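These notes concern the structure reproduced below.
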Protein chains: 4
Amino acid sequence: MMHNFQNDYSEGAHSAILERLVQTNLTQQAGYGQDEYAIAARELLRQRLNNSRAAIFFASGGTQANLLVISALLRPHEAVISAETGHIQVHETGAIEAVGHRIITVPPTDGKLWPEDLQKVLAAHTMRPHMVRPRLVYISNSTETGSFYSRAELQALYAACKDLDLLLFMDGARLGHALTAVGNDLRMEDLSYFTDVFYIGATKNGGLLGEAIVFNDPELCTDFDFIMKQKGAMLSKGRLLGIQFQVLFEHNLYFDLAQYANQQAARIAQAFAEAGFSFLHPPVTNQVFPILPIELINTLRKRFLFYDWKPMGDQGTATRWICSWATSDQAVEALQNAVAPQATWGN
Amino acid sequence: MMHNFQNDYSEGAHSAILERLVQTNLTQQAGYGQDEYAIAARELLRQRLNNSRAAIFFASGGTQANLLVISALLRPHEAVISAETGHIQVHETGAIEAVGHRIITVPPTDGKLWPEDLQKVLAAHTMRPHMVRPRLVYISNSTETGSFYSRAELQALYAACKDLDLLLFMDGARLGHALTAVGNDLRMEDLSYFTDVFYIGATKNGGLLGEAIVFNDPELCTDFDFIMKQKGAMLSKGRLLGIQFQVLFEHNLYFDLAQYANQQAARIAQAFAEAGFSFLHPPVTNQVFPILPIELINTLRKRFLFYDWKPMGDQGTATRWICSWATSDQAVEALQNAVAPQATWGN
Amino acid sequence: MMHNFQNDYSEGAHSAILERLVQTNLTQQAGYGQDEYAIAARELLRQRLNNSRAAIFFASGGTQANLLVISALLRPHEAVISAETGHIQVHETGAIEAVGHRIITVPPTDGKLWPEDLQKVLAAHTMRPHMVRPRLVYISNSTETGSFYSRAELQALYAACKDLDLLLFMDGARLGHALTAVGNDLRMEDLSYFTDVFYIGATKNGGLLGEAIVFNDPELCTDFDFIMKQKGAMLSKGRLLGIQFQVLFEHNLYFDLAQYANQQAARIAQAFAEAGFSFLHPPVTNQVFPILPIELINTLRKRFLFYDWKPMGDQGTATRWICSWATSDQAVEALQNAVAPQATWGN
Amino acid sequence: MMHNFQNDYSEGAHSAILERLVQTNLTQQAGYGQDEYAIAARELLRQRLNNSRAAIFFASGGTQANLLVISALLRPHEAVISAETGHIQVHETGAIEAVGHRIITVPPTDGKLWPEDLQKVLAAHTMRPHMVRPRLVYISNSTETGSFYSRAELQALYAACKDLDLLLFMDGARLGHALTAVGNDLRMEDLSYFTDVFYIGATKNGGLLGEAIVFNDPELCTDFDFIMKQKGAMLSKGRLLGIQFQVLFEHNLYFDLAQYANQQAARIAQAFAEAGFSFLHPPVTNQVFPILPIELINTLRKRFLFYDWKPMGDQGTATRWICSWATSDQAVEALQNAVAPQATWGN
């Protein structure tokens with residue numbers, strides 16, 4: 001039997017979600033996101049965010065959420081600023097360009113963008129009308145390298161955005177993992193103050209599918225329903241999304257699941273560290289990037305699923321291991337044993 | 001309590017689907033449509049279609065399926081031919097134009113397109129390069145007016161397409177209702193012979209969401225996976241779609257559910273007919289369009305949900321009533337009673 | 001020798017334009033529309049339009065001007081309303097759809113749109129968010145059938161647009177021919193009051209190429225320079241366009257040329273009428289659509305170039321004959337002789 | 001009086017072109033690129049290229065040519081590889097993204113791409129379907145830094161493209177300057193062997209406007225006429241483009257003009273070198289990038305137009321000076337005097 005650390009979407013959904021789907025199944029509901037569960041979920045989120053004006057829409061996945069938000073917010077000649085590692089740049093098959101916009105990439109520091117990055121991009125794009133106009137900053141939290149934005153970092157970045165007439169959009173496919181990380185001081189409601197728009201990912205944190213897109217200022221999305229429908233993103237049975245966010249946020253399930261994933265990841269990170277391995281990126285959320293020798297990789301591959309991430313020359317290869325709400329203790333312990341210093345891998 | 005005849009997506013999913021979701025929930029699966037359920041469902045469909053070469057992809061909804069297929073198959077200057085009543089023309093917020101293509105509309109006969117319609121369109125688009133090139137014919141089965149294509153009709157239309165170098169694409173959001181209609185002689189496997197691409201809708205026939213897109217010739221879709229990902233249509237937990245189609249097609253559930261919906265619709269059609277009302281379109285599948293006087297409409301509206309479809313002058317208004325796999329006998333009987341000739345509506 | 005009545009762009013440019021190109025050739029000028037000739041031409045047009053706020057841009061052709069204006073003014077889900085005969089619908093290869101927008105077509109009366117047409121379109125597009133939002137009305141003046149808008153007609157149409165929150169855009173590829181037609185009472189400056197944006201076509205009225213796009217309110221086009229550059233529409237040697245509009249509008253050349261074309265067209269229309277032929281559309285500008293028997297068409301085709309426009313059954317075929325600023329008296333007289341009642345065509 | 005070294009499009013056209021426009025002005029011609037001059041120009045180019053199969057289209061400018069070719073050749077998920085300095089990346093306002101495609105940028109060496117650059121890009125884009133597919137390589141010759149591709153370099157790059165299933169597209173906005181540079185060994189006809197598609201720029205080499213797009217294999221452009229019309233790139237008076245290319249290529253004018261520009265540039269490069277200044281890029285075509293101290297820049301700015309190109313810290317600023325077919329000896333001599341070592345600039 002293989003233990004899967006390859007991604008955080010290999011299981012279905014948390015059982016509470018399935019139970020609620022079963023319970024509510026035959027209730028007749030309005031379609032297209034107007035069901036009572038969606039309405040309740042929006043209200044729960046507005047309270048949690050301390051923003052009664054927030055406009056909230058439910059989409060099916062991260063790429064879809066990204067292309068919807070960006071195509072809705074930009075004029076044809078406007079561009080997105082993203083880290084080189086940003087998901088929209090690396091793993092979305094040109095979805096942003098397909099809706100007409102350039103991504104201006106910046107080499108990130110610790111997986112993140114910083115105010116001076118934005119200033120440099122603006123300074124390099126002054127030759128009107130021969131250049132695109134940078135208009136929206138795309139960040140992920142937690143980031144693609146597993147790091148998270150502190151409250152002060154996000155506040156400073158948002159202030160820079162406002163100074164520079166830029167919108168700030170946070171991809172929260174793994175938002176729960178950022179907000180529950182050890183050392184994080186960013187609160188859910190801070191997203192109301194320090195972003196223009198963001199989304200809360202359920203697909204990678206216990207849901208079957210679903211991202212809740214939140215516009216802090218409803219003036220930014222007066223026609224977002226049209227855009228969703230036009231891009232094929234509006235489910236007729238929107239209840240499927242509404243129910244999940246209601247379950248995840250009526251108590252603390254969303255955060256409990258993310259914290260659990262982080263804790264399991266911390267256990268495997270510790271195991272790698274104790275075995276003497278270093279990391280491509282510091283392990284702080286649910287993604288762990290140990291740099292491993294080829295022999296160990298070959299041994300581990302027989303019993304574990306994970307990604308080869310980046311060749312590191314003599315050091316071996318940086319690998320990626322992800323824990324989720326569903327990562328079992330058994331899997332973690334199997335890995336702990338497999339990498340323990342006394343283990344005789346590679347012999 | 002209101003009885004809902006407004007659409008066929010107001011409930012969740014058939015219980016067999018939910019049960020399977022629960023059963024399989026913690027099995028670890030590959031993402032992005034490579035899960036074992038999707039693989040099994042594709043195989044079931046290929047057998048049912050008698051086409052071992054068919055390439056099958058699962059999308060989340062009809063608008064999404066339509067824009068994916070059309071954007072994948074057309075060059076920038078190529079256009080779609082559709083009935084004026086076609087869903088892509090009427091209810092998809094310009095999704096086809098948003099991916100760059102014109103819809104050339106034709107007034108349908110009985111909700112359908114016919115060979116001579118295609119010939120006329122081609123004859124009107126000869127002024128190269130000042131005109132778009134008609135290249136793909138979009139039809140729905142069952143149609144937006146509730147009718148269905150007979151085997152001979154589809155065969156003739158497909159032959160015309162081949163003569164005219166056109167692709168034939170069938171929107172099967174309500175395919176089950178067409179194939180199980182009284183009087184239908186088109187078999188599932190005929191779709192392999194008389195279309196180039198089509199989809200099988202689950203959203204409106206017992207699924208939570210999902211349309212199975214079938215390319216009869218895999219050469220037509222060698223890069224369709226890229227297109228799906230780029231348009232935000234590839235679910236990371238593709239299992240959600242695979243499971244549903246497996247359940248719907250491992251036995252005969254898909255057709256049983258559609259037939260049930262048609263039967264409930266026939267009962268209400270009969271009730272309207274016996275009360276002396278005529279229909280905007282002949283009632284043959286799960287959509288019924290009785291033309292009703294305003295007084296009756298006002299009375300019915302207190303207890304039933306349905307659509308005002310088209311004003312008909314002195315005759316009153318054509319209304320639309322839809323039955324689904326979930327329409328209860330209780331609801332049908334309540335309606336039967338409400339429109340029975342002895343009922344004293346309007347007094 | 002063939003006489004060409006097929007289009008109004010078969011010659012080069014009026015000699016005054018070529019002379020000015022030669023005179024100014026070696027003057028060094030700023031590129032991209034900032035040359036002194038463009039600046040002067042804009043000022044001449046603002047004066048002629050009695051609108052000192054007008055923002056003016058020079059494009060290379062009608063299709064380009066249409067797609068630039070429409071893509072700049074519409075949100076993704078917004079649509080254009082056009083006559084079925086509109087150039088964007090009939091002869092621009094889906095250019096508007098290629099920038100993402102639906103054209104909603106209306107059967108025109110006398111080639112024109114009327115306030116009630118707009119009301120009907122709006123009434124049919126209320127099902128938000130499942131339908132596009134009609135937002136811009138596209139008209140041509142003179143129209144594709146050779147008719148023109150009277151002052152009262154344009155004023156009423158514009159008032160309807162404002163009532164319905166629609167923008168009014170006039171394609172003026174043949175604007176000069178409309179404004180100099182016998183019976184026209186619309187003045188150049190009325191375009192400032194009764195449209196939101198329009199363009200003044202030079203390509204079909206004495207220029208080598210060029211359409212001057214005028215936004216009456218500069219707030220509508222704050223980023224139009226970016227859009228032009230992005231669509232490949234900004235000539236580095238913009239002087240080529242500026243010079244032509246300066247020559248055409250520093251005196252009355254633009255209108256003199258159009259009036260001449262209309263007068264030549266009136267002469268040939270009279271010849272057809274006197275020979276007993278009727279017209280598909282009343283001949284009032286530089287396009288003439290006589291319905292001719294096949295024998296005459298065959299005879300005329302030996303010495304004249306013109307278009308077969310529309311089969312008319314027993315009556316024969318409606319043909320299109322166009323006169324331009326360059327149509328010679330010799331050509332007109334040859335045609336007069338060829339269709340004169342005493343001529344023995346067809347014998 | 002200011003001497004303009006800022007660009008190569010500040011004058012009109014070479015006098016031979018204007019003369020021919022005047023001579024041919026009243027000849028009646030077919031529109032849309034079917035005029036006899038365009039036909040003759042195509043034939044001249046095919047002979048010069050030793051490729052009787054070449055399919056040739058005339059566009060109005062470089063950005064337009066780039067977006068036409070790229071949008072015609074790529075599927076939606078396919079991407080362009082370009083140098084970071086490529087014109088499509090730097091100075092075209094996102095025109096390529098606006099037609100839906102990502103530009104994958106590579107840091108160039110000497111302004112050029114090399115086979116190993118392509119291999120690295122392909123190696124980094126294997127994660128199907130989550131990444132775009134690199135499909136077309138965009139290069140400029142001469143490049144944006146003034147360098148040119150030798151015959152061997154282009155041959156090797158093309159061989160790599162074929163190995164990697166990539167198309168090679170050369171932006172020849174300044175092709176003449178490359179082919180007539182001192183040390184160049186690439187011949188015009190080599191473009192038939194070592195590219196898939198390229199264009200020959202007239203706008204920056206003596207024309208009023210115009211780029212001749214050449215597809216070496218006509219199978220690559222079977223519907224390019226539709227694409228041109230759809231993008232607003234097809235001039236109704238196509239004669240304007242045809243005439244210019246006929247004049248430029250019926251004798252050797254195109255190359256004579258480019259060589260002249262290179263020679264004038266060599267004179268100013270020598271003047272800067274003799275005054276002790278170094279260059280950001282070696283001066284080999286008509287663009288010269290001397291690194292100058294601020295004092296000299298300030299002095300020169302009073303009498304010369306040129307661009308500040310890149311700050312170079314203590315060294316001063318890299319500037320760009322361009323010569324064209326129209327750069328006068330007087331201007332060159334004025335600059336020679338201004339930078340001569342004995343000149344007392346900055347005092």
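Following the order of the structure tokens, chains are lettered A, B, ..., residues in each are numbered from 1, and ligands are numbered from 1.
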Counting only C-alpha atoms, what are the residues of chain B within 6 Å of chain D, and for each of them which pair of atoms is the nearest and at what distance in Å, to one decimal? Sort the table by chain and rising number, as a Markdown table.
| residue | atom | partner | partner_atom | distance |
| --- | --- | --- | --- | --- |
| B:Pro129 | CA | D:Phe226 | CA | 4.8 |
| B:Asp225 | CA | D:Pro129 | CA | 5.9 |
| B:Phe226 | CA | D:Pro129 | CA | 4.8 |
Could the residues in this selection be written to a file with C-alpha atoms, as a PDB file, in the first residue's frame?
ATOM      1  CA  PRO B 129     -12.597  36.714 -46.489  1.00  0.00           C
ATOM      2  CA  ASP B 225      -6.989  18.471 -21.713  1.00  0.00           C
ATOM      3  CA  PHE B 226      -4.987  21.682 -22.108  1.00  0.00           C
TER       4      PHE B 226
END
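With only C-alpha atoms taken into account, the protein and nucleic acid residues at most 8 Å from stretch 200-207 of chain C (excluding it and anything under 5 positions from it in its own chain) are Asp8, Tyr9, Gly12, Ala13, His14, Ile17, Gly61, Gly62, Asp171, Gly172, Ala173, Arg174, Leu175, Gly176, Ala212, Ile213, Val214, Gln244, Phe245, Tyr254, Leu257, Ala258, Ser324, Trp325 and Ala326 of chain C; Ser236 and Lys237 of chain D.
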Could the residues in this selection be written to a file with C-alpha atoms, as a PDB file, in the first residue's frame?
ATOM      1  CA  ASP C   8     -15.584  53.416 -53.717  1.00  0.00           C
ATOM      2  CA  TYR C   9     -11.994  52.458 -53.096  1.00  0.00           C
ATOM      3  CA  GLY C  12      -5.818  56.015 -54.817  1.00  0.00           C
ATOM      4  CA  ALA C  13      -6.359  59.385 -53.143  1.00  0.00           C
ATOM      5  CA  HIS C  14      -7.446  62.843 -54.138  1.00  0.00           C
ATOM      6  CA  ILE C  17      -3.618  64.610 -50.435  1.00  0.00           C
ATOM      7  CA  GLY C  61      -9.954  51.272 -41.746  1.00  0.00           C
ATOM      8  CA  GLY C  62     -13.539  50.683 -40.837  1.00  0.00           C
ATOM      9  CA  ASP C 171     -19.984  54.080 -38.282  1.00  0.00           C
ATOM     10  CA  GLY C 172     -19.219  56.939 -40.634  1.00  0.00           C
ATOM     11  CA  ALA C 173     -17.306  55.052 -43.302  1.00  0.00           C
ATOM     12  CA  ARG C 174     -19.586  56.938 -45.698  1.00  0.00           C
ATOM     13  CA  LEU C 175     -20.480  59.833 -43.425  1.00  0.00           C
ATOM     14  CA  GLY C 176     -19.748  62.451 -46.056  1.00  0.00           C
ATOM     15  CA  ALA C 212     -11.087  59.657 -37.621  1.00  0.00           C
ATOM     16  CA  ILE C 213     -12.673  58.284 -34.458  1.00  0.00           C
ATOM     17  CA  VAL C 214     -14.354  60.961 -32.360  1.00  0.00           C
ATOM     18  CA  GLN C 244      -5.039  63.368 -44.945  1.00  0.00           C
ATOM     19  CA  PHE C 245      -7.561  64.644 -42.446  1.00  0.00           C
ATOM     20  CA  TYR C 254     -14.311  66.133 -47.605  1.00  0.00           C
ATOM     21  CA  LEU C 257     -15.929  64.912 -52.737  1.00  0.00           C
ATOM     22  CA  ALA C 258     -18.892  63.192 -51.138  1.00  0.00           C
ATOM     23  CA  SER C 324     -17.083  57.808 -55.675  1.00  0.00           C
ATOM     24  CA  TRP C 325     -15.161  61.062 -55.668  1.00  0.00           C
ATOM     25  CA  ALA C 326     -13.303  59.558 -58.640  1.00  0.00           C
TER      26      ALA C 326
ATOM     27  CA  SER D 236      -9.412  48.152 -48.720  1.00  0.00           C
ATOM     28  CA  LYS D 237      -6.859  50.166 -50.718  1.00  0.00           C
TER      29      LYS D 237
END
Exercise for review: From a DSSP pass on the backbone, collect the residues of stretch 226-287 of chain C flagged as alpha helix (DSSP H) and hand them back as an NGL selection string.
Suggested key: :C and (226-230 or 239-250 or 253-274)
Any chance you can output those residues with C-alpha atoms as a short mmCIF file (atom, residue, chain, number, x, y, z; two decimals), in the first residue's frame?
data_model
loop_
_atom_site.label_atom_id
_atom_site.label_comp_id
_atom_site.auth_asym_id
_atom_site.auth_seq_id
_atom_site.Cartn_x
_atom_site.Cartn_y
_atom_site.Cartn_z
CA PHE C 226 -3.37 51.59 -25.10
CA ILE C 227 -6.15 49.73 -26.87
CA MET C 228 -5.06 51.03 -30.26
CA LYS C 229 -1.48 50.01 -29.71
CA GLN C 230 -2.50 46.59 -28.38
CA ARG C 239 1.57 61.52 -40.06
CA LEU C 240 0.14 59.57 -42.98
CA LEU C 241 -3.29 59.78 -41.35
CA GLY C 242 -2.95 63.24 -39.87
CA ILE C 243 -2.01 64.81 -43.20
CA GLN C 244 -5.04 63.37 -44.95
CA PHE C 245 -7.56 64.64 -42.45
CA GLN C 246 -5.88 68.02 -42.40
CA VAL C 247 -6.23 68.27 -46.18
CA LEU C 248 -9.79 66.99 -46.19
CA PHE C 249 -11.01 69.37 -43.48
CA GLU C 250 -8.93 72.53 -43.77
CA LEU C 253 -12.79 68.99 -49.60
CA TYR C 254 -14.31 66.13 -47.60
CA PHE C 255 -17.84 67.31 -48.32
CA ASP C 256 -17.16 68.39 -51.89
CA LEU C 257 -15.93 64.91 -52.74
CA ALA C 258 -18.89 63.19 -51.14
CA GLN C 259 -21.35 65.50 -52.83
CA TYR C 260 -19.75 64.80 -56.17
CA ALA C 261 -20.11 61.06 -55.60
CA ASN C 262 -23.75 61.51 -54.68
CA GLN C 263 -24.37 63.58 -57.80
CA GLN C 264 -22.82 61.00 -60.07
CA ALA C 265 -24.90 58.35 -58.36
CA ALA C 266 -28.04 60.42 -58.86
CA ARG C 267 -27.29 60.56 -62.56
CA ILE C 268 -27.05 56.82 -62.90
CA ALA C 269 -30.09 56.30 -60.70
CA GLN C 270 -32.02 58.58 -62.97
CA ALA C 271 -30.85 56.61 -65.98
CA PHE C 272 -32.07 53.37 -64.46
CA ALA C 273 -35.35 54.94 -63.43
CA GLU C 274 -35.98 56.45 -66.83
#
Check your understanding: What's the 9 Å shell around D:Ser192, counting only C-alpha atoms, without same-chain residues fewer than 4 positions away, as an NGL selection string?
Key -> :D and (49-51 or 54 or 188 or 196-197 or 214-216)
Written file, previous selection with N, CA and C atoms, as a compact mmCIF listing (two decimals), in the first residue's frame:
# COMPACT_ATOMS: atom_id res chain seq x y z
N LEU D 49 13.51 35.44 -52.93
CA LEU D 49 13.62 34.43 -51.87
C LEU D 49 13.86 33.04 -52.43
N ASN D 50 13.85 32.92 -53.74
CA ASN D 50 14.01 31.62 -54.38
C ASN D 50 12.99 30.61 -53.84
N ASN D 51 11.77 31.07 -53.66
CA ASN D 51 10.73 30.21 -53.11
C ASN D 51 9.41 30.50 -53.81
N ALA D 54 6.13 30.52 -51.64
CA ALA D 54 5.91 31.43 -50.52
C ALA D 54 4.56 32.14 -50.64
N MET D 188 19.15 36.93 -48.18
CA MET D 188 17.69 37.00 -48.21
C MET D 188 17.10 35.60 -48.42
N ASP D 196 10.22 29.59 -40.63
CA ASP D 196 8.91 29.15 -41.13
C ASP D 196 8.12 30.33 -41.66
N VAL D 197 8.28 31.45 -40.98
CA VAL D 197 7.55 32.66 -41.39
C VAL D 197 8.38 33.85 -40.93
N VAL D 214 5.81 36.76 -44.92
CA VAL D 214 6.11 35.65 -45.84
C VAL D 214 6.00 34.33 -45.09
N PHE D 215 5.09 33.48 -45.52
CA PHE D 215 5.03 32.10 -45.02
C PHE D 215 5.76 31.23 -46.03
N ASN D 216 6.81 30.58 -45.61
CA ASN D 216 7.55 29.76 -46.56
C ASN D 216 6.74 28.56 -47.04
Which residues come within 9 Å of C:Leu280, counting only C-alpha atoms, excluding same-chain residues fewer than 6 positions away, as a JSON list (two decimals) with C-alpha atoms, in the first residue's frame?
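Listed below is the output, result_14.json:
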[["chain", "number", "residue", "atom", "x", "y", "z"],
["C", 145, "THR", "CA", -28.55, 50.31, -48.02],
["C", 288, "VAL", "CA", -27.67, 52.59, -56.21],
["C", 289, "PHE", "CA", -29.48, 49.25, -56.11],
["C", 290, "PRO", "CA", -31.44, 48.83, -59.37],
["C", 291, "ILE", "CA", -33.34, 45.60, -59.92],
["C", 310, "LYS", "CA", -29.77, 39.92, -54.14],
["C", 318, "ALA", "CA", -30.93, 43.59, -57.41],
["C", 319, "THR", "CA", -27.52, 44.98, -58.29]]
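When only C-alpha atoms are used to measure the gap to C:Ser52, the shortest distance among C:Glu295, C:Asp163, C:Asp217, C:Asp314 belongs to C:Asp217.
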Review point. Which of these, D:Asn337, D:Asn66, D:Asn252, D:Thr143, has the shortest distance to D:Thr109 once you count only C-alpha atoms?
Key: D:Thr143
